[in-house]
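*Asks:* This is start_14.txt, which holds compact mmCIF, C-alpha atoms:
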```txt
# COMPACT_ATOMS: atom_id res chain seq x y z
CA MET A 251 7.65 70.56 177.41
CA ALA A 252 6.99 67.26 175.67
CA ASP A 253 3.79 68.70 174.22
CA GLN A 254 5.74 71.62 172.84
CA ILE A 255 8.19 69.23 171.19
CA LEU A 256 5.27 67.34 169.68
CA GLN A 257 3.70 70.54 168.35
CA TRP A 258 6.99 71.70 166.90
CA SER A 259 7.72 68.42 165.19
CA LEU A 260 4.17 68.22 163.84
CA MET A 261 4.75 71.60 162.22
CA ALA A 262 8.18 70.58 160.91
CA THR A 263 6.81 67.33 159.49
CA ALA A 264 3.94 69.12 157.79
CA VAL A 265 6.35 71.61 156.21
CA MET A 266 8.71 68.87 155.01
CA MET A 267 5.85 66.81 153.57
CA THR A 268 4.54 69.89 151.76
CA ILE A 269 7.95 70.65 150.29
CA ALA A 270 8.26 67.02 149.18
CA ILE A 271 4.84 67.10 147.51
CA VAL A 272 5.70 70.37 145.73
CA ILE A 273 8.98 68.92 144.44
CA VAL A 274 7.25 65.78 143.18
CA THR A 275 4.55 67.89 141.54
CA PHE A 276 7.32 69.66 139.65
CA CYS A 277 8.59 66.22 138.60
CA LEU A 278 5.07 65.31 137.48
CA LEU A 279 4.96 68.37 135.23
CA ARG A 280 8.51 67.90 133.96
CA GLY A 281 8.77 64.10 133.57
CA PRO A 282 10.10 63.44 130.07
CA THR A 283 7.97 60.33 129.46
CA LEU A 284 4.60 59.00 130.51
CA PRO A 285 5.97 56.36 132.95
CA ASP A 286 7.90 59.12 134.75
CA ARG A 287 4.65 60.95 135.31
CA VAL A 288 2.95 57.80 136.55
CA VAL A 289 5.75 57.26 139.10
CA ALA A 290 5.47 60.88 140.23
CA LEU A 291 1.71 60.56 140.62
CA ASP A 292 2.15 57.40 142.67
CA LEU A 293 4.65 59.13 144.97
CA ILE A 294 2.32 62.14 145.36
CA GLY A 295 -0.46 59.84 146.47
CA THR A 296 1.76 58.00 148.95
CA LEU A 297 3.02 61.26 150.43
CA THR A 298 -0.54 62.54 150.65
CA ALA A 299 -1.50 59.46 152.67
CA GLY A 300 1.33 60.28 155.10
CA ALA A 301 0.35 63.95 155.23
CA ILE A 302 -3.21 62.98 156.12
CA GLY A 303 -1.78 60.93 158.99
CA VAL A 304 0.10 64.00 160.22
CA PHE A 305 -3.09 66.06 159.89
CA ALA A 306 -5.01 63.49 161.93
CA MET A 307 -2.41 63.75 164.68
CA SER A 308 -2.46 67.54 164.67
CA GLN A 309 -6.27 67.60 164.90
CA ASN A 310 -6.35 64.73 167.42
CA GLU A 311 -9.03 63.14 165.29
CA PRO A 312 -8.31 59.46 164.52
CA VAL A 313 -11.12 59.13 161.98
CA TYR A 314 -8.96 60.68 159.26
CA ILE A 315 -6.73 57.60 159.20
CA LEU A 316 -9.42 55.86 157.17
CA VAL A 317 -8.71 58.34 154.38
CA SER A 318 -5.11 57.10 154.31
CA VAL A 319 -6.27 53.49 154.12
CA VAL A 320 -8.58 54.14 151.19
CA LEU A 321 -6.03 56.34 149.41
CA SER A 322 -3.29 53.71 149.58
CA VAL A 323 -5.69 51.07 148.24
CA VAL A 324 -6.90 53.19 145.34
CA LEU A 325 -3.37 54.30 144.39
CA PHE A 326 -2.21 50.76 143.77
CA VAL A 327 -5.14 50.07 141.46
CA GLY A 328 -4.49 53.33 139.61
CA THR A 329 -0.81 52.60 139.06
CA VAL A 330 -1.46 49.08 137.83
CA ALA A 331 -4.15 50.39 135.48
CA PHE A 332 -1.74 52.97 134.06
CA ALA A 333 0.91 50.29 133.56
CA TYR A 334 -1.62 48.00 131.88
CA TYR A 335 -2.64 50.65 129.39
CA ILE A 336 0.94 51.75 128.72
CA GLU A 337 1.81 48.18 127.87
CA LYS A 338 -1.39 47.67 125.89
CA GLY A 339 -0.79 50.82 123.88
CA LEU A 340 2.32 49.16 122.44
CA GLU A 341 0.33 46.67 120.42
CA GLN A 342 -1.38 49.26 118.25
CA MET B 1408 7.85 60.48 176.90
CA ILE B 1409 5.43 59.09 174.34
CA GLN B 1410 5.36 62.49 172.65
CA ILE B 1411 9.12 62.44 172.12
CA LEU B 1412 8.96 58.97 170.59
CA VAL B 1413 6.14 60.12 168.31
CA SER B 1414 8.14 63.20 167.32
CA ALA B 1415 11.23 61.16 166.52
CA LEU B 1416 9.33 58.66 164.36
CA MET B 1417 7.46 61.44 162.59
CA LEU B 1418 10.56 63.50 161.83
CA PHE B 1419 12.38 60.39 160.60
CA GLY B 1420 9.51 59.67 158.22
CA ALA B 1421 9.40 63.26 157.03
CA VAL B 1422 13.14 63.29 156.31
CA PHE B 1423 12.77 60.08 154.33
CA SER B 1424 9.89 61.53 152.32
CA LEU B 1425 11.89 64.65 151.55
CA LEU B 1426 14.88 62.56 150.48
CA GLY B 1427 12.63 60.56 148.19
CA ALA B 1428 11.35 63.73 146.58
CA VAL B 1429 14.90 65.04 146.09
CA GLY B 1430 15.93 61.70 144.60
CA MET B 1431 12.96 61.94 142.26
CA LEU B 1432 14.24 65.34 141.17
CA ARG B 1433 17.92 64.45 140.84
CA MET B 1434 18.07 60.93 139.43
CA PRO B 1435 18.95 60.70 135.74
CA ASP B 1436 16.77 57.85 134.60
CA LEU B 1437 13.29 56.36 134.98
CA LEU B 1438 14.48 53.21 136.72
CA THR B 1439 16.76 54.98 139.23
CA ARG B 1440 14.02 57.54 139.84
CA LEU B 1441 11.57 54.73 140.45
CA GLN B 1442 13.95 53.21 142.96
CA ALA B 1443 14.28 56.47 144.89
CA ALA B 1444 10.55 57.16 144.83
CA THR B 1445 9.34 53.72 145.86
CA LYS B 1446 11.75 52.86 148.65
CA THR B 1447 11.93 56.20 150.42
CA GLY B 1448 8.26 56.96 149.92
CA THR B 1449 7.22 53.65 151.43
CA LEU B 1450 9.62 53.92 154.36
CA GLY B 1451 8.78 57.55 155.08
CA VAL B 1452 5.03 57.05 155.11
CA GLY B 1453 5.53 53.81 157.07
CA PHE B 1454 7.32 55.71 159.83
CA VAL B 1455 4.66 58.43 159.88
CA MET B 1456 1.95 55.78 160.20
CA LEU B 1457 3.92 54.14 163.01
CA ALA B 1458 3.96 57.52 164.74
CA VAL B 1459 0.17 57.70 164.32
CA ALA B 1460 -0.20 54.26 165.90
CA VAL B 1461 2.00 55.22 168.88
CA HIS B 1462 0.27 58.59 169.27
CA PHE B 1463 -3.35 57.45 169.49
CA GLN B 1464 -2.90 54.08 171.20
CA GLU B 1465 -6.41 52.86 170.45
CA LEU B 1466 -7.05 49.46 169.00
CA GLY B 1467 -8.95 50.65 165.95
CA VAL B 1468 -6.44 53.34 165.02
CA VAL B 1469 -3.46 51.04 165.52
CA ALA B 1470 -5.12 48.42 163.34
CA ASN B 1471 -5.82 50.98 160.62
CA SER B 1472 -2.33 52.41 160.57
CA LEU B 1473 -0.77 48.96 160.56
CA LEU B 1474 -3.10 48.15 157.68
CA VAL B 1475 -1.75 51.14 155.76
CA ILE B 1476 1.83 50.04 156.47
CA ALA B 1477 1.16 46.45 155.44
CA PHE B 1478 -0.61 47.53 152.29
CA LEU B 1479 2.14 49.96 151.29
CA PHE B 1480 4.86 47.38 151.86
CA LEU B 1481 2.86 44.81 149.90
CA THR B 1482 1.82 46.92 146.92
CA ALA B 1483 4.64 49.43 146.37
CA PRO B 1484 7.13 46.83 145.04
CA ILE B 1485 4.44 45.28 142.84
CA ALA B 1486 3.42 48.65 141.40
CA ALA B 1487 7.07 49.60 140.83
CA HIS B 1488 7.78 46.32 139.10
CA VAL B 1489 4.73 46.57 136.87
CA ILE B 1490 5.42 50.15 135.84
CA ALA B 1491 9.13 49.43 135.26
CA ARG B 1492 8.32 46.44 133.10
CA SER B 1493 5.84 48.32 130.93
CA ALA B 1494 8.21 51.28 130.69
CA TYR B 1495 11.05 49.03 129.57
CA PHE B 1496 9.04 47.90 126.58
CA VAL B 1497 7.86 51.42 125.58
CA PRO B 1498 10.97 51.84 125.44
CA VAL B 1499 12.10 54.52 127.86
CA PRO B 1500 15.74 55.55 127.30
CA LEU B 1501 18.09 54.12 129.90
CA TRP B 1502 20.81 56.13 131.60
CA LYS B 1503 24.03 56.25 129.61
CA GLY B 1504 25.94 54.78 132.56
CA THR B 1505 23.82 51.63 132.65
CA ALA B 1506 26.26 48.75 132.97
CA LEU B 1507 24.09 45.66 132.78
CA ASP B 1508 20.78 45.00 131.04
CA GLU B 1509 19.86 41.45 131.95
CA LEU B 1510 16.34 41.63 130.52
CA LYS B 1511 17.72 42.51 127.11
CA GLN B 1512 20.09 39.53 127.28
CA ALA B 1513 17.20 37.26 128.22
CA ILE B 1514 15.04 38.59 125.39
CA ASP B 1515 17.90 38.16 122.89
CA ALA B 1516 18.51 34.60 124.06
CA GLN B 1517 14.82 33.86 123.72
CA ALA B 1518 14.76 35.42 120.24
CA ALA B 1519 17.71 33.22 119.24
CA ASP B 1520 15.82 30.18 120.49
CA ALA B 1521 12.56 31.26 118.94
CA PRO B 1522 12.67 30.12 115.24
CA PRO B 1523 12.31 26.37 115.91
CA ASP B 1524 9.67 27.28 118.49
CA THR B 1525 7.34 29.40 116.35
CA THR B 1526 4.91 26.61 115.48
CA GLU B 1527 4.06 25.90 119.09
CA SER B 1528 4.25 29.46 120.38
CA GLU B 1529 0.50 29.76 120.86
CA HIS B 1530 0.43 28.56 124.46
CA GLY B 1531 1.99 29.58 127.74
CA SER B 1532 3.91 32.82 128.04
CA ALA B 1533 4.55 33.14 124.33
CA GLY B 1534 2.54 36.36 124.18
CA GLU B 1535 4.88 38.02 126.66
CA THR B 1536 8.08 37.08 124.85
CA GLY B 1537 6.57 37.94 121.51
CA ARG B 1538 5.74 41.41 122.70
CA GLY B 1539 9.24 41.88 124.07
CA ARG B 1540 10.85 40.76 120.88
CA ALA B 1541 8.63 42.93 118.71
CA SER B 1542 9.56 46.08 120.56
CA SER B 1543 13.25 45.46 121.13
```
Please express the file's structure as structure tokens.
*Replies:*
Amino acid sequence: MADQILQWSLMATAVMMTIAIVIVTFCLLRGPTLPDRVVALDLIGTLTAGAIGVFAMSQNEPVYILVSVVLSVVLFVGTVAFAYYIEKGLEQ
Amino acid sequence: MIQILVSALMLFGAVFSLLGAVGMLRMPDLLTRLQAATKTGTLGVGFVMLAVAVHFQELGVVANSLLVIAFLFLTAPIAAHVIARSAYFVPVPLWKGTALDELKQAIDAQAADAPPDTTESEHGSAGETGRGRASS
């Protein structure tokens, strides 16, 4: 019974995460300005880290959590680099 | 019993992530959009990672998922602040209902103070204020 609930909610969580990522991808394509796109890309990466956690639970394979760790580290560096170059581009 | 706790945490996180995505779609402005994206994204993924920690119950996995949570909570506000600051100086258009723009007031006050200051503006944070003034 409890296992069935877990399986069901794993499926529901995966579906909701996928819908969220699709919506944010639409925002990435639409975003009127460059900072909007950077924010959307950051949110896509964060949601992907969560989705990998859900995948690790569904496969019962804890090694995949390391992917989330690395992804959340790299995302921060990427966002700060984008912000740095947006601000630097002003001076030209 | 553990499975039900894991399911509840996971569904809570998923609902938060979905709300963040909808807020990203619906908000009118970069700064409000940033608010929706950062807060709900961080909280949603934080709850999912908490569910991972409760589900596996091994020391290494718990440490890794708590590391993800700590890192998200540490870096998401910094990244949001950095991107909002650089976007403000692009400048990105603000929402027409924006009531208060304290950064603009601060920049104007600094610009009013600036003329006697120009000779010694080489040091300190003068580069920052100069950039703000040039673009405003």
*Asks:* Chain B residues within 7 Å of chain A, counting all atoms listed in the file: which ones, as a ChimeraX atom specification?
*Replies:* /B:1408,1410-1411,1414,1417-1418,1421,1424-1425,1428,1431-1432,1437,1441,1444,1448,1452,1455-1456,1459,1468,1471-1472,1475,1479,1482,1486,1489-1490,1493-1494,1497
*Asks:* So what do you get for atom CA of B:Phe1478 versus atom CA of B:Val1499, distance-wise?
*Replies:* 28.4 Å
*Asks:* Which residues come within 8 Å of B:Leu1416, counting all atoms listed in the file, excluding same-chain residues fewer than 6 positions away, as number ranges by chain?
*Replies:* B: 1454-1455, 1457-1458
*Asks:* Could the residues in this selection be saved with C-alpha atoms as a PDB file, in the coordinates of the input?
*Replies:*
```pdb
ATOM      1  CA  PHE B1454       7.320  55.710 159.830  1.00  0.00           C
ATOM      2  CA  VAL B1455       4.660  58.430 159.880  1.00  0.00           C
ATOM      3  CA  LEU B1457       3.920  54.140 163.010  1.00  0.00           C
ATOM      4  CA  ALA B1458       3.960  57.520 164.740  1.00  0.00           C
TER       5      ALA B1458
END
```
*Asks:* For the atom pair atom CA of B:Leu1510 and atom CA of B:Ala1491, what is the interatomic distance in Å to one decimal place?
*Replies:*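 Interatomic distance, atom CA of B:Leu1510 to atom CA of B:Ala1491: 11.6 Å.
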*Asks:* What is the distance between atom CA of B:Gln1512 and atom CA of B:Pro1435, in Å to one decimal?
*Replies:* 22.8 Å
*Asks:* For B:Gly1427, which residue among B:Gly1504, B:Gly1451, B:Pro1484, B:Gly1467 is the nearest when counting all atoms listed in the file?
*Replies:*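 Ranking B:Gly1504, B:Gly1451, B:Pro1484, B:Gly1467 by distance to B:Gly1427, first place goes to B:Gly1451.
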*Asks:* Using the file's own x, y and z axes, so that the box edges lie along x, y and z, what centre and edge lengths in Å (one decimal) does a box around every listed atom of stretch 321-337 of chain A get when 5 Å is added on each side? Give it as JSON.
*Replies:*
```
{"center_x": -2.5, "center_y": 52.2, "center_z": 138.7, "size_x": 18.7, "size_y": 18.3, "size_z": 31.7}
```
*Asks:* Could you rebuild stretch 286-312 of chain A with N, CA and C atoms and give me the result as a PDB file, keeping the file's coordinate frame?
*Replies:*
```
ATOM      1  N   ASP A 286       7.380  58.213 133.723  1.00  0.00           N
ATOM      2  CA  ASP A 286       7.900  59.120 134.750  1.00  0.00           C
ATOM      3  C   ASP A 286       6.757  59.816 135.470  1.00  0.00           C
ATOM      4  N   ARG A 287       5.791  60.259 134.691  1.00  0.00           N
ATOM      5  CA  ARG A 287       4.650  60.950 135.310  1.00  0.00           C
ATOM      6  C   ARG A 287       3.837  60.014 136.177  1.00  0.00           C
ATOM      7  N   VAL A 288       3.709  58.763 135.744  1.00  0.00           N
ATOM      8  CA  VAL A 288       2.950  57.800 136.550  1.00  0.00           C
ATOM      9  C   VAL A 288       3.659  57.568 137.895  1.00  0.00           C
ATOM     10  N   VAL A 289       4.992  57.452 137.853  1.00  0.00           N
ATOM     11  CA  VAL A 289       5.750  57.260 139.100  1.00  0.00           C
ATOM     12  C   VAL A 289       5.579  58.469 140.014  1.00  0.00           C
ATOM     13  N   ALA A 290       5.628  59.674 139.417  1.00  0.00           N
ATOM     14  CA  ALA A 290       5.470  60.880 140.230  1.00  0.00           C
ATOM     15  C   ALA A 290       4.086  60.940 140.860  1.00  0.00           C
ATOM     16  N   LEU A 291       3.072  60.541 140.089  1.00  0.00           N
ATOM     17  CA  LEU A 291       1.710  60.560 140.620  1.00  0.00           C
ATOM     18  C   LEU A 291       1.557  59.571 141.768  1.00  0.00           C
ATOM     19  N   ASP A 292       2.195  58.413 141.618  1.00  0.00           N
ATOM     20  CA  ASP A 292       2.150  57.400 142.670  1.00  0.00           C
ATOM     21  C   ASP A 292       2.801  57.927 143.947  1.00  0.00           C
ATOM     22  N   LEU A 293       3.961  58.597 143.783  1.00  0.00           N
ATOM     23  CA  LEU A 293       4.650  59.130 144.970  1.00  0.00           C
ATOM     24  C   LEU A 293       3.838  60.253 145.608  1.00  0.00           C
ATOM     25  N   ILE A 294       3.178  61.080 144.789  1.00  0.00           N
ATOM     26  CA  ILE A 294       2.320  62.140 145.360  1.00  0.00           C
ATOM     27  C   ILE A 294       1.228  61.531 146.210  1.00  0.00           C
ATOM     28  N   GLY A 295       0.612  60.462 145.704  1.00  0.00           N
ATOM     29  CA  GLY A 295      -0.460  59.840 146.470  1.00  0.00           C
ATOM     30  C   GLY A 295       0.041  59.241 147.775  1.00  0.00           C
ATOM     31  N   THR A 296       1.205  58.581 147.725  1.00  0.00           N
ATOM     32  CA  THR A 296       1.760  58.000 148.950  1.00  0.00           C
ATOM     33  C   THR A 296       2.075  59.068 149.976  1.00  0.00           C
ATOM     34  N   LEU A 297       2.698  60.167 149.503  1.00  0.00           N
ATOM     35  CA  LEU A 297       3.020  61.260 150.430  1.00  0.00           C
ATOM     36  C   LEU A 297       1.762  61.906 150.979  1.00  0.00           C
ATOM     37  N   THR A 298       0.713  61.966 150.154  1.00  0.00           N
ATOM     38  CA  THR A 298      -0.540  62.540 150.650  1.00  0.00           C
ATOM     39  C   THR A 298      -1.132  61.667 151.752  1.00  0.00           C
ATOM     40  N   ALA A 299      -1.019  60.343 151.608  1.00  0.00           N
ATOM     41  CA  ALA A 299      -1.500  59.460 152.670  1.00  0.00           C
ATOM     42  C   ALA A 299      -0.754  59.737 153.978  1.00  0.00           C
ATOM     43  N   GLY A 300       0.573  59.946 153.891  1.00  0.00           N
ATOM     44  CA  GLY A 300       1.330  60.280 155.100  1.00  0.00           C
ATOM     45  C   GLY A 300       0.942  61.639 155.658  1.00  0.00           C
ATOM     46  N   ALA A 301       0.710  62.609 154.764  1.00  0.00           N
ATOM     47  CA  ALA A 301       0.350  63.950 155.230  1.00  0.00           C
ATOM     48  C   ALA A 301      -1.003  63.938 155.928  1.00  0.00           C
ATOM     49  N   ILE A 302      -1.918  63.081 155.453  1.00  0.00           N
ATOM     50  CA  ILE A 302      -3.210  62.980 156.120  1.00  0.00           C
ATOM     51  C   ILE A 302      -3.043  62.383 157.516  1.00  0.00           C
ATOM     52  N   GLY A 303      -2.073  61.445 157.652  1.00  0.00           N
ATOM     53  CA  GLY A 303      -1.780  60.930 158.990  1.00  0.00           C
ATOM     54  C   GLY A 303      -1.288  62.014 159.924  1.00  0.00           C
ATOM     55  N   VAL A 304      -0.395  62.883 159.405  1.00  0.00           N
ATOM     56  CA  VAL A 304       0.100  64.000 160.220  1.00  0.00           C
ATOM     57  C   VAL A 304      -1.045  64.943 160.584  1.00  0.00           C
ATOM     58  N   PHE A 305      -1.934  65.180 159.632  1.00  0.00           N
ATOM     59  CA  PHE A 305      -3.090  66.060 159.890  1.00  0.00           C
ATOM     60  C   PHE A 305      -3.984  65.466 160.977  1.00  0.00           C
ATOM     61  N   ALA A 306      -4.185  64.138 160.910  1.00  0.00           N
ATOM     62  CA  ALA A 306      -5.010  63.490 161.930  1.00  0.00           C
ATOM     63  C   ALA A 306      -4.394  63.645 163.315  1.00  0.00           C
ATOM     64  N   MET A 307      -3.053  63.555 163.380  1.00  0.00           N
ATOM     65  CA  MET A 307      -2.410  63.750 164.680  1.00  0.00           C
ATOM     66  C   MET A 307      -2.539  65.182 165.167  1.00  0.00           C
ATOM     67  N   SER A 308      -2.405  66.141 164.240  1.00  0.00           N
ATOM     68  CA  SER A 308      -2.460  67.540 164.670  1.00  0.00           C
ATOM     69  C   SER A 308      -3.867  67.934 165.104  1.00  0.00           C
ATOM     70  N   GLN A 309      -4.897  67.299 164.510  1.00  0.00           N
ATOM     71  CA  GLN A 309      -6.270  67.600 164.900  1.00  0.00           C
ATOM     72  C   GLN A 309      -6.754  66.713 166.031  1.00  0.00           C
ATOM     73  N   ASN A 310      -5.967  65.704 166.401  1.00  0.00           N
ATOM     74  CA  ASN A 310      -6.350  64.730 167.420  1.00  0.00           C
ATOM     75  C   ASN A 310      -7.655  64.027 167.059  1.00  0.00           C
ATOM     76  N   GLU A 311      -7.775  63.699 165.804  1.00  0.00           N
ATOM     77  CA  GLU A 311      -9.030  63.140 165.290  1.00  0.00           C
ATOM     78  C   GLU A 311      -8.705  61.846 164.525  1.00  0.00           C
ATOM     79  N   PRO A 312      -8.796  60.689 165.167  1.00  0.00           N
ATOM     80  CA  PRO A 312      -8.310  59.460 164.520  1.00  0.00           C
ATOM     81  C   PRO A 312      -9.127  58.985 163.335  1.00  0.00           C
TER      82      PRO A 312
END
```
